[in-house]
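Text of target.txt (compact mmCIF, C-alpha atoms) as supplied:
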```
# COMPACT_ATOMS: atom_id res chain seq x y z
CA MET A 1 0.00 0.00 0.00
CA SER A 2 1.21 3.47 -0.76
CA THR A 3 1.85 6.06 1.89
CA SER A 4 -0.26 8.61 0.04
CA ARG A 5 -3.23 6.22 -0.08
CA SER A 6 -2.91 5.62 3.66
CA LEU A 7 -2.67 9.33 4.36
CA ARG A 8 -5.80 9.98 2.28
CA ALA A 9 -7.59 7.36 4.38
CA LEU A 10 -6.42 9.12 7.54
CA ALA A 11 -7.55 12.51 6.29
CA HIS A 12 -11.07 12.19 7.67
CA GLU A 13 -12.10 12.97 11.24
CA ASN A 14 -14.41 9.96 11.60
CA ARG A 15 -11.79 7.52 10.33
CA LEU A 16 -9.20 8.97 12.72
CA ARG A 17 -11.67 8.61 15.58
CA ILE A 18 -12.33 4.97 14.65
CA LEU A 19 -8.59 4.20 14.47
CA HIS A 20 -8.13 5.81 17.89
CA TRP A 21 -10.82 3.53 19.33
CA LEU A 22 -9.43 0.44 17.61
CA ALA A 23 -5.98 1.16 19.07
CA ASP A 24 -7.42 0.39 22.53
CA PRO A 25 -10.64 -1.55 21.95
CA GLU A 26 -11.05 -2.75 25.55
CA ARG A 27 -11.18 0.87 26.70
CA HIS A 28 -13.63 2.06 24.06
CA PHE A 29 -15.99 -0.88 23.48
CA PRO A 30 -17.96 -3.29 25.67
CA PRO A 31 -17.19 -7.02 25.67
CA GLN A 32 -18.67 -8.88 22.70
CA VAL A 33 -20.62 -12.13 22.64
CA ASP A 34 -18.94 -13.24 19.42
CA GLY A 35 -15.32 -12.36 18.80
CA ASP A 36 -12.64 -11.21 21.18
CA LEU A 37 -11.96 -7.46 21.09
CA LEU A 38 -8.19 -7.92 20.94
CA ASN A 39 -7.84 -11.09 18.85
CA ASP A 40 -10.75 -10.72 16.44
CA GLY A 41 -11.40 -6.99 16.42
CA VAL A 42 -14.48 -4.88 17.04
CA CYS A 43 -17.87 -5.66 15.54
CA VAL A 44 -18.98 -3.10 12.96
CA GLY A 45 -22.24 -2.79 14.92
CA PHE A 46 -20.38 -1.48 17.97
CA ILE A 47 -18.40 0.97 15.83
CA THR A 48 -21.64 2.15 14.20
CA GLN A 49 -23.34 2.61 17.56
CA LYS A 50 -20.40 4.50 19.08
CA ILE A 51 -19.82 6.89 16.17
CA GLU A 52 -23.57 7.46 15.68
CA LEU A 53 -23.55 7.14 11.89
CA LYS A 54 -25.56 4.85 9.66
CA GLN A 55 -24.07 1.40 9.08
CA PRO A 56 -23.50 1.90 5.30
CA THR A 57 -21.49 5.04 6.09
CA VAL A 58 -19.40 3.22 8.69
CA THR A 59 -18.92 0.27 6.33
CA ASN A 60 -17.64 2.68 3.67
CA HIS A 61 -15.19 4.26 6.14
CA MET A 62 -13.98 0.81 7.16
CA LYS A 63 -13.51 -0.22 3.52
CA ILE A 64 -11.35 2.85 2.91
CA LEU A 65 -9.25 2.04 5.99
CA GLN A 66 -8.96 -1.61 4.96
CA ASP A 67 -8.04 -0.77 1.35
CA ALA A 68 -5.30 1.48 2.75
CA GLY A 69 -4.03 -1.45 4.84
CA LEU A 70 -4.71 0.26 8.17
CA VAL A 71 -7.27 -2.27 9.43
CA GLU A 72 -8.02 -5.90 8.75
CA SER A 73 -11.43 -7.52 8.78
CA LYS A 74 -12.73 -10.89 9.90
CA LYS A 75 -16.20 -12.29 9.43
CA ILE A 76 -17.73 -14.16 12.38
CA LYS A 77 -21.26 -15.44 11.89
CA ASN A 78 -23.20 -12.55 10.30
CA TRP A 79 -20.89 -9.78 11.50
CA VAL A 80 -17.66 -8.21 10.34
CA PHE A 81 -15.03 -7.39 12.94
CA TYR A 82 -12.26 -4.84 12.41
CA LYS A 83 -8.83 -4.79 13.98
CA LEU A 84 -6.16 -2.09 13.75
CA ARG A 85 -2.98 -3.01 11.90
CA LYS A 86 -0.60 -1.19 14.22
CA ASP A 87 2.39 -2.31 12.16
CA ARG A 88 1.00 -0.59 9.07
CA VAL A 89 0.09 2.58 10.96
CA ASP A 90 3.62 2.69 12.37
CA LEU A 91 5.08 2.27 8.86
CA VAL A 92 2.97 5.11 7.45
CA LEU A 93 3.77 7.46 10.30
CA GLY A 94 7.45 6.49 10.13
CA ALA A 95 7.49 7.23 6.40
CA VAL A 96 6.05 10.68 7.07
CA CYS A 97 8.69 11.31 9.76
CA ASP A 98 11.42 10.17 7.36
CA MET A 99 10.13 12.54 4.68
CA THR A 100 10.08 15.50 7.02
CA ARG A 101 13.61 14.79 8.21
CA SER A 102 15.01 14.36 4.72
CA ARG A 103 17.31 17.08 3.47
CA HIS A 104 16.77 16.13 -0.14
CA SER A 105 13.49 16.41 -1.99
CA THR A 106 12.21 13.41 -3.91
```
Can you turn what I pasted into structure tokens?
Amino acid sequence: MSTSRSLRALAHENRLRILHWLADPERHFPPQVDGDLLNDGVCVGFITQKIELKQPTVTNHMKILQDAGLVESKKIKNWVFYKLRKDRVDLVLGAVCDMTRSRHST
């Protein structure tokens, strides 16, 4: 995934809020019946409820984040669960730091 694609995905307040919550799901979401918050991710229904948007809107935000490689999804029963890819977020932010420290333009 490209850094620019990831940065475009991050350039929306609701997506940033969702990533913040997914970074510490036990703090921001209640326990789930199906799926472990840490191992499986957070059910899209909980994300939808917390952010107070319609489910198609949240699903679209999650697709953008997934296409950018910032989250991964897992289907359990009839639900989709999303988990933050911290390694990818770290790579994107590290790339930005590297660019800002560079003395040479690319």
Find the residue from A:Asp34, A:Ile51, A:Leu16, A:Leu70 that sits nearest to Lys86 (chain A); use all atoms listed in the file when measuring.
-> A:Leu70
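Comparing A:Ala23, A:Val89, A:Leu37, A:Leu53 by their smallest distance to Gln66 (chain A), the closest is A:Val89 (using only C-alpha atoms).
Coordinates place CA of His20 (chain A) at a distance of 17.4 Å from CA of Asn60 (chain A).
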Nearest to Leu10 (chain A), restricted to all atoms listed in the file and choosing among A:Asp67, A:Phe46, A:Asn39, A:Thr59, comes out as A:Asp67
Have a look at A:Leu38, A:Val33, A:Val96, A:Leu7 and name the one nearest to Trp21 (chain A); count all atoms listed in the file.
-> A:Leu38
With 8 Å of padding per side, what axis-aligned box (centre and edge lengths, Å, one decimal) covers all the listed atoms of region 70-84 of chain A? Give it as AutoDock Vina command-line options.
```
--center_x -14.0 --center_y -7.6 --center_z 11.1 --size_x 34.5 --size_y 31.7 --size_z 21.8
```
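Closest to Tyr82 (chain A) among A:Asn14, A:Thr100, A:Ser4, A:Thr48 is A:Thr48, based on all atoms listed in the file.
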What is the CA of Glu72 (chain A)-CA of Met99 (chain A) distance in Å, reported with one decimal?
-> 26.2 Å
State, in Å with one decimal place, the distance from CA of Asp90 (chain A) to CA of Arg5 (chain A).
-> 14.6 Å
Nearest to His28 (chain A): which of A:Leu91, A:Ala11, A:Val58, A:Ile47 is it, counting all atoms listed in the file?
-> A:Ile47
Pull the neighbourhood of (-13.4, -13.5, 12.3) for me: all residues within 10 Å in file coordinates, counting only C-alpha atoms, as an MDAnalysis selection string.
-> chainID A and resid 34:36 39:43 72:77 79:83
